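Enquirer: First the structure, then my questions, so here it is.
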Amino acid sequence: MKEFDLSTHVFFGENSLERLEWCENKRIIIITDAFMEKSGVVDKLKARMDGRGNEIFVFSKTVPDPPIEVIAEGVKCLAECQANVMVALGGGSAIDAAKAVRVMADRMGFGHIEECFAIPTTSGTGSEVTKFSVITDSAKGVKYPLVDDDLQPMVAILDPELVSTVPPAITADTGIDALVHALEAYVSTEATDFTDALAEKATTLLMKFLPLAYKDGNDLLAREKVHNAACLAGMAFNAAGLGICHSIAHQIGAKFHISHGRSNAMVLAEVIRFNADLEAVGKGHRNISARKYQRMAKLIGLPYVNNLVAVNALTRRIEEMKRMFGIPATLKDLDIDPVDVSELRSEMVQNALKDKCTQTNPRPVSEEDIAKILNKITPLV
Ligand code: NAD
C-alpha cells in the first residue's frame, strides 16, 4: 500500500497574507532573518496581525544554512515568550530554522505551537510544505536533513510580492533548487502518479517562467508561477524523496559555503546522465529513469525521439540555463582551491553515501560513482 497526503493548507496569489488576519487572542512568534526585519516585511506582517488581542514577538537571528546554535537560541526565545502561534518568514533557511525550533521546543517541553504558518520569500526549497528541515553542524562541516511529520507547517502562504525583491543570482539559485526537487522526485524510487503530476507541472512552469523571473524580477506573473512551481516541487519531493544530486549538494554547501541551489545546479546534469545510464541503454537495457526523463523532455518541448536524444536534450537545456544564470561549471571557478577539495573528497563521498536522500535515488550508487560526479566539477590534484 502506498499513500499520499497534502496536509499543509496552501493560500496563494495576490493578497494571500490576508489569511494572517484570522489570528485572534494569540501569542505569535515571527521567526525570520535580519534582512526581513530591516526591509520592512516583518512590519507588513505585524500590521496584518496587530490588535484583536494578539501579542507579537520577533526572533530575527536566523542565518543561511541555519546552525544548531541558532536553533537553540530560537528555542530559548520561544520558551521565554510562550507563543502558541508561529510565523516562519523568509527563505528556506529561516523556515527550516523555525520548523526545527517548533519541534525541539515541543519535544523538550519548552513550548507548544498550535498553529504554524510558513511564508516563503524565496521560490526554491518548498520548505513551506515539507516535513524536512536542513540543519548545519558548523563545527563538523555537515548538513543534516531532519525528517519528521511534525516538521510540516500547517499553513503555507505564497504571496508573489514577497519574492519580487529577490536579486537575480538568488532567483536563479533557488529556482534551480526547485527544478532539482521536481526532477529528483520524478525519478525517485518512491515516485507515484500523484508525485509525477506535481513534478511535471512544476518542471514545465519552471522551464518557462524561471528565465523570465531572472531577467525581470518585477514580472509578477513570472514570479507567481515560479513561486507556485517551487511549492508544487516541494509537495512532490515531500512524498517521493530526492536523490544523490541533493546528497552531493549538501556536502558542497556544508564544506565550501556555496548556496544550496547553486551546489545542486553544479551537479544536476551529471546526476541525470548517471541515473539514465545511457551506456546500458545503448546496449538495449531498459532504464525507467531514462524513460521518465524522455517523457519530461517531451512535456517541455525538447527533442525526445528516443531515450538518448531526450536525455542529451534535457541535460543540454540545463547547461544552457546555468550559463544564462551565470552559474559556474566548476568549484575552481568559485575560487575554491582544488587541493582543499582533494583533502575533503573522501569525507564528502562518505557523507553523501550516508545522506538520507541517497536512499531514494533511482540507481544504486557506489563510492566511486559519487567521486566521479564530484570530479566533474573539480579537477583531481
Ligand atoms: P536562504 O533562505 O538561505 O536565503 C538566501 C538569501 O536570500 C539570504 O541572505 C536571505 O536573507 C535572502 N532573501 C530571502 N528572501 C529574500 C527576498 N525576498 N529578497 C531579497 N533577499 C532575500 O536560501 P534558500 O535557498 O531559500 O534556502 C536554503 C536552505 O534551505 C538551505 O539550508 C537548504 O539546505 C534548505 N532546504 C530545505 C528544504 C526543506 O524541505 N526543508 C529543501 C531544500 C533546501
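Residues in the C-alpha cells are named by chain (A, B, ... in the order shown) and by number from 1 within that chain; ligands are numbered from 1 in the order shown.
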Using only C-alpha atoms and all ligand atoms, which residues have at least one atom no more than 8 Å from ligand 1? Output them as number ranges by chain.

Expert: A: 33-36, 63-66, 90-96, 120-136, 143, 145, 162-167, 170, 173-174, 177-178, 181, 234, 238, 250, 253, 259-261

Enquirer: For Lys215 in chain A, list every protein, DNA or RNA residue within 8 Å, evaluated using only C-alpha atoms, and leave out those in the same chain fewer than 3 positions away; present the list as a short mmCIF file (atom, residue, chain, number, x, y, z; two decimals) with C-alpha atoms, in the first residue's frame.

Expert:
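Written output follows (part.cif):
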data_model
loop_
_atom_site.label_atom_id
_atom_site.label_comp_id
_atom_site.auth_asym_id
_atom_site.auth_seq_id
_atom_site.Cartn_x
_atom_site.Cartn_y
_atom_site.Cartn_z
CA PRO A 168 18.77 37.71 -9.94
CA PRO A 211 14.26 32.64 -17.12
CA LEU A 212 11.60 35.39 -17.22
#

Enquirer: Name the residues in contact with Tyr304 in chain A at a cut-off of 12 Å, using only C-alpha atoms, excluding same-chain residues fewer than 6 positions from it; report them as a short mmCIF file (atom, residue, chain, number, x, y, z; two decimals) with N, CA, C and O atoms, in the first residue's frame.

Expert:
data_model
loop_
_atom_site.label_atom_id
_atom_site.label_comp_id
_atom_site.auth_asym_id
_atom_site.auth_seq_id
_atom_site.Cartn_x
_atom_site.Cartn_y
_atom_site.Cartn_z
N ALA A 290 15.61 6.83 -17.51
CA ALA A 290 15.83 7.37 -18.86
C ALA A 290 14.48 7.59 -19.56
O ALA A 290 14.27 8.59 -20.23
N ARG A 291 13.57 6.65 -19.35
CA ARG A 291 12.25 6.79 -19.99
C ARG A 291 11.47 7.97 -19.39
O ARG A 291 10.75 8.68 -20.09
N LYS A 292 11.64 8.16 -18.10
CA LYS A 292 10.92 9.29 -17.48
C LYS A 292 11.53 10.63 -17.91
O LYS A 292 10.82 11.59 -18.17
N TYR A 293 12.85 10.68 -18.00
CA TYR A 293 13.47 11.92 -18.49
C TYR A 293 12.97 12.19 -19.92
O TYR A 293 12.75 13.34 -20.31
N GLN A 294 12.79 11.10 -20.69
CA GLN A 294 12.31 11.27 -22.06
C GLN A 294 10.90 11.89 -22.05
O GLN A 294 10.60 12.79 -22.82
N ARG A 295 10.06 11.39 -21.13
CA ARG A 295 8.69 11.94 -21.05
C ARG A 295 8.73 13.42 -20.66
O ARG A 295 8.00 14.24 -21.19
N MET A 296 9.65 13.74 -19.74
CA MET A 296 9.75 15.13 -19.30
C MET A 296 10.25 16.00 -20.46
O MET A 296 9.75 17.12 -20.66
N ALA A 297 11.21 15.49 -21.23
CA ALA A 297 11.73 16.26 -22.38
C ALA A 297 10.57 16.58 -23.33
O ALA A 297 10.44 17.71 -23.82
N LYS A 298 9.72 15.59 -23.57
CA LYS A 298 8.57 15.79 -24.46
C LYS A 298 7.67 16.90 -23.91
O LYS A 298 7.25 17.81 -24.64
N ALA A 310 16.62 12.38 -25.88
CA ALA A 310 15.87 13.15 -24.88
C ALA A 310 16.76 13.51 -23.69
O ALA A 310 16.75 14.66 -23.22
N VAL A 311 17.53 12.56 -23.19
CA VAL A 311 18.39 12.84 -22.01
C VAL A 311 19.45 13.87 -22.38
O VAL A 311 19.72 14.80 -21.62
N ASN A 312 20.01 13.74 -23.58
CA ASN A 312 21.00 14.73 -24.01
C ASN A 312 20.37 16.11 -24.15
O ASN A 312 20.96 17.11 -23.77
N ALA A 313 19.15 16.16 -24.69
CA ALA A 313 18.48 17.46 -24.86
C ALA A 313 18.18 18.08 -23.49
O ALA A 313 18.35 19.28 -23.28
N LEU A 314 17.75 17.24 -22.55
CA LEU A 314 17.41 17.75 -21.21
C LEU A 314 18.66 18.28 -20.49
O LEU A 314 18.65 19.38 -19.92
#

Enquirer: Find the spatial neighbours of Ala236 in chain A, counting only C-alpha atoms, within a cut-off of 12 Å - ignore same-chain residues fewer than 2 positions away - and output them as a ChimeraX atom specification.

Expert: /A:4-6,125-127,129-131,178-188,190-203,229-234,238-242

Enquirer: Val155 in chain A: which residues within 7 Å, counting only C-alpha atoms, same-chain residues fewer than 4 positions away excluded, as a list in words?

Expert: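 Non-adjacent residues within range: Thr8, His9, Val10, Cys116, Phe117 and Ala118 of chain A.
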
Enquirer: Going by DSSP on the backbone, which residues of range 2-162 of chain A come out as alpha helix (DSSP H)? List them as a ChimeraX atom specification.

Expert: /A:34-38,41-49,68-81,92-107

Enquirer: Report as a tab-separated table: every residue of range 59-117 of chain A with an atom at most 12 Å from range 46-50 of chain A, its closest pair of atoms, and their distance in Å to one decimal, counting only C-alpha atoms, with rows sorted by chain and ascending residue number.

Expert:
residue	atom	partner	partner_atom	distance
A:Val85	CA	A:Met49	CA	11.4
A:Val87	CA	A:Lys46	CA	10.4
A:Leu89	CA	A:Lys46	CA	11.8

Enquirer: For the residues in the current selection, export C-alpha atoms as a PDB file, in the first residue's frame.

Expert:
ATOM      1  CA  VAL A  85       1.354  30.564  17.026  1.00  0.00           C
ATOM      2  CA  VAL A  87       5.066  32.536  11.650  1.00  0.00           C
ATOM      3  CA  LEU A  89       9.140  34.015   7.362  1.00  0.00           C
TER       4      LEU A  89
END

Enquirer: CA of Leu78 in chain A and CA of Trp22 in chain A are how many Å apart?

Expert: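 Computed distance, CA of Leu78 in chain A to CA of Trp22 in chain A, equals 21.5 Å.
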
Enquirer: Choose the residue, out of A:Arg316, A:His112, A:Arg363, A:His227, that has the smallest atom-to-atom separation from Ala276 in chain A; count only C-alpha atoms.

Expert: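 Answer, going by the shortest atom-to-atom distance: A:Arg363.
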
Enquirer: According to DSSP computed on the backbone, where in range 123-221 of chain A is there strand (DSSP E)? Give the residues as a ChimeraX atom specification.

Expert: /A:132-137,142-147,155-158

Enquirer: Pull N, CA, C and O atoms from the residues just selected and write them as a short mmCIF file (atom, residue, chain, number, x, y, z; two decimals), in the first residue's frame.

Expert:
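This went into out-v8.cif:
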data_model
loop_
_atom_site.label_atom_id
_atom_site.label_comp_id
_atom_site.auth_asym_id
_atom_site.auth_seq_id
_atom_site.Cartn_x
_atom_site.Cartn_y
_atom_site.Cartn_z
N PHE A 132 10.72 18.30 6.06
CA PHE A 132 12.18 18.34 6.17
C PHE A 132 12.64 19.65 6.81
O PHE A 132 11.97 20.68 6.67
N SER A 133 13.79 19.58 7.47
CA SER A 133 14.45 20.79 7.93
C SER A 133 15.94 20.49 7.86
O SER A 133 16.39 19.47 8.40
N VAL A 134 16.68 21.35 7.17
CA VAL A 134 18.11 21.06 7.00
C VAL A 134 18.91 21.96 7.95
O VAL A 134 18.86 23.18 7.86
N ILE A 135 19.62 21.30 8.86
CA ILE A 135 20.36 22.00 9.90
C ILE A 135 21.85 21.74 9.71
O ILE A 135 22.25 20.64 9.31
N THR A 136 22.66 22.75 10.01
CA THR A 136 24.11 22.62 9.79
C THR A 136 24.85 22.47 11.12
O THR A 136 24.58 23.21 12.07
N ASP A 137 25.77 21.49 11.16
CA ASP A 137 26.70 21.39 12.28
C ASP A 137 27.98 22.07 11.79
O ASP A 137 28.77 21.47 11.06
N VAL A 142 28.94 19.69 8.44
CA VAL A 142 27.98 18.72 7.89
C VAL A 142 26.57 19.32 7.94
O VAL A 142 26.21 19.99 8.91
N LYS A 143 25.79 19.08 6.86
CA LYS A 143 24.38 19.50 6.86
C LYS A 143 23.52 18.26 7.06
O LYS A 143 23.71 17.27 6.38
N TYR A 144 22.59 18.34 8.03
CA TYR A 144 21.73 17.19 8.31
C TYR A 144 20.30 17.48 7.87
O TYR A 144 19.68 18.40 8.40
N PRO A 145 19.74 16.70 6.94
CA PRO A 145 18.32 16.86 6.67
C PRO A 145 17.52 16.11 7.74
O PRO A 145 17.61 14.89 7.85
N LEU A 146 16.81 16.85 8.62
CA LEU A 146 15.94 16.20 9.60
C LEU A 146 14.63 15.87 8.89
O LEU A 146 14.14 16.66 8.08
N VAL A 147 14.05 14.72 9.19
CA VAL A 147 12.78 14.34 8.56
C VAL A 147 11.82 13.90 9.65
O VAL A 147 12.14 12.97 10.41
N VAL A 155 0.06 25.73 7.67
CA VAL A 155 -0.43 26.67 6.66
C VAL A 155 0.77 27.24 5.89
O VAL A 155 1.78 27.60 6.49
N ALA A 156 0.63 27.31 4.57
CA ALA A 156 1.65 27.99 3.76
C ALA A 156 0.98 29.15 3.05
O ALA A 156 -0.15 29.03 2.58
N ILE A 157 1.69 30.29 3.03
CA ILE A 157 1.14 31.47 2.33
C ILE A 157 2.13 31.87 1.24
O ILE A 157 3.28 32.20 1.53
N LEU A 158 1.68 31.80 -0.01
CA LEU A 158 2.55 32.12 -1.15
C LEU A 158 2.14 33.46 -1.75
O LEU A 158 1.23 33.52 -2.57
#

Enquirer: Hey, what's within 10 Å of Leu278 in chain A if we count only C-alpha atoms and toss same-chain stuff fewer than 5 positions away? As an MDAnalysis selection string, please?

Expert: chainID A and resid 272:273 283:287 290 307:308 311:312

Enquirer: I want to know what sits within 9 Å of Lys255 in chain A, based on only C-alpha atoms, with residues of the same chain fewer than 2 positions away left out; could you give that as a list in words?

Expert: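 Here the qualifying residues turn out to be Gly141, Val142, His250, Gln251, Ile252, Gly253, His257, Ile258, Val341, Leu344 and Met348 of chain A.
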
Enquirer: When distances are computed from only C-alpha atoms, which of A:Ile336, A:Ile31, A:Ala97, A:Leu17 shows the smallest separation from Pro160 in chain A?

Expert: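 That would be A:Leu17, the residue with the smallest distance to Pro160 in chain A.
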